[in-house]
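Reviewing the structure listed below.
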Amino acid sequence: MNMSLRMLRLLICLAFVLCVVSCGGHTTRVIDTPETRELPGWQKTYEVDGLRYQPLRDYRGFKQRGVASWYGRKFHGRKTSNGEVYDMHGMSAAHKTLPMGVYVKVTHLESGREIVVRVNDRGPFVSGRIIDLSYGAAQKIGIVDSGTAKVRIQALGYRDDKQLGKTSGSVSGSYAPGSFAVQIGAFSSVESASQLAGKMRNSYGKATVSSVLTNGQQIHRVRVGHYSTLAQAEVAAKNFVIKGFSGSYVIAFD
């Protein structure tokens, strides 16, 4: 038993060492609490080089002015913060706190050029910079040669058509709709999760079990409903709390 405990502690220490080294050479630490334990890693509070960042749960009304930069070949093909593979030729961006999957309009304040990018990474962790564009996005807005530019960014929302963000970068289209559900519980037993999902499916039409490996343990999360707007999902989450599911919260499918 003692040997097993020592091995477990060693594995935890090794996992921690791996997670504190980021792709940009910064030291990163995810801050886990009982309230955030079941959240995806990119929704949790984190520290980079001693500075703490709290990811936003709601994009609505978000606007920001500052300096944009870009990143390219060094990171091409690597995993982004939400687990996607970075495509330097795509239309994506890194932001320190905006929710993953949100589309953002970026306006070059000097030239007036506008593009739309999809947030799928964290950064930039350089003082004074507010957004890191993919190489493809930087080309379209005209900052590849200069490296940086003063921009205004505005969060637009979610949409199912990811091809918009990967190709044209057009600012047209509707971004208000999204795809949301409410997570009402998480279980170590898949049977318990499946049983609850079945009951919820009868009442709400859609309920799924999503499984994830957390700290070496398989966790089975029950997610209910399919809501097209964040506002609808938030109302549903409050109703689930009233019905006794105290840990309910909204998730976005990006």
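How things are named: the first chain in the structure tokens is A, the next is B, and so on; residues count from 1 in each chain; ligands count from 1 in the order shown.
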
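Every protein or nucleic acid residue with an atom no more than 9 Å from Phe62 (chain A), counting only C-alpha atoms and leaving out same-chain residues fewer than 2 positions away, appears here: Asp58, Tyr59, Arg60, Gln64, Leu98, Ile153, Gln154, Ala155 and Leu156 of chain A.
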
>> Show me, as a list in words, the residues that have an atom within 8 Å of Asn120 (chain A) when counting only C-alpha atoms, minus same-chain residues fewer than 3 positions from it.
In response: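 Surrounding residues, per the criterion: Thr80, Ser81, Asn82, Glu84, Ser92, Ala93, Ala94, Met100 and Gly101 of chain A.
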
> From the list A:Ser146, A:Val224, A:Ala68, A:Ile184, which residue is nearest Tyr204 (chain A) when using only C-alpha atoms?
Replying inline: A:Val224

Wanna dump the region 89-192 of chain A-region 243-252 of chain A contacts at 6 Å for me, each residue with its shortest atom pair and the distance in Å to one decimal, counting only C-alpha atoms, ordered by chain and number, as a Markdown table?
```
| residue | atom | partner | partner_atom | distance |
| --- | --- | --- | --- | --- |
| A:Ser179 | CA | A:Ala252 | CA | 6.0 |
| A:Phe180 | CA | A:Ala252 | CA | 4.6 |
| A:Ala181 | CA | A:Ile251 | CA | 5.5 |
| A:Val182 | CA | A:Val250 | CA | 4.6 |
| A:Gln183 | CA | A:Ser248 | CA | 5.4 |
| A:Ile184 | CA | A:Ser248 | CA | 4.4 |
```

Output N, CA and C atoms of each residue in that selection to a file, as a short mmCIF file (atom, residue, chain, number, x, y, z; two decimals), in the first residue's frame.
```
data_model
loop_
_atom_site.label_atom_id
_atom_site.label_comp_id
_atom_site.auth_asym_id
_atom_site.auth_seq_id
_atom_site.Cartn_x
_atom_site.Cartn_y
_atom_site.Cartn_z
N SER A 179 -24.33 26.89 -29.33
CA SER A 179 -24.77 25.56 -28.95
C SER A 179 -24.37 25.35 -27.50
N PHE A 180 -25.37 25.32 -26.62
CA PHE A 180 -25.11 25.28 -25.18
C PHE A 180 -25.90 24.14 -24.53
N ALA A 181 -25.39 23.69 -23.42
CA ALA A 181 -26.09 22.71 -22.57
C ALA A 181 -25.81 23.08 -21.13
N VAL A 182 -26.45 22.36 -20.21
CA VAL A 182 -26.22 22.58 -18.79
C VAL A 182 -25.68 21.29 -18.19
N GLN A 183 -24.50 21.40 -17.56
CA GLN A 183 -23.96 20.25 -16.85
C GLN A 183 -24.55 20.23 -15.45
N ILE A 184 -25.23 19.12 -15.11
CA ILE A 184 -25.93 19.07 -13.82
C ILE A 184 -25.26 18.15 -12.81
#
```

> Any idea what the distance is between CA of His95 (chain A) and CA of Ile131 (chain A)?
Replying inline: 5.2 Å

>> I need the residue nearest Tyr53 (chain A) from this list: A:Gln232, A:Thr97, A:Gln139, A:Thr107. Use only C-alpha atoms for the distance.
In response: A:Thr97

> With distances taken over only C-alpha atoms, which of A:Glu191, A:Gly157, A:Asp87, A:Ala197 is nearest to Thr229 (chain A)?
Replying inline: A:Gly157

> Of the candidates A:His220, A:Arg78, A:His89, A:Arg129, which one gets nearest to Val117 (chain A) if we count only C-alpha atoms?
Replying inline: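 The closest residue to Val117 (chain A) is A:His89.
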
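The gap separating CA of Met88 (chain A) from CA of Tyr71 (chain A) is 7.5 Å, in Å to one decimal.
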
> If you run DSSP on the backbone, which residues of region 15-252 of chain A are strand (DSSP E), as a PyMOL selection string?
Replying inline: chain A and resi 28-30+46-48+51-53+63-71+92-94+103-108+114-121+129-134+149-157+180-187+207-214+217-227+249-252

>> Report, in Å with one decimal, the straight-line distance from CA of Thr208 (chain A) to CA of Ser194 (chain A).
In response: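 Distance between the two atoms: 8.1 Å.
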
>> My list of candidates is A:Val106, A:Met200, A:Val241, A:Val126. Which is closest to Val48 (chain A) when distances are computed with only C-alpha atoms?
In response: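 So, comparing all the options, the nearest one is A:Val126.
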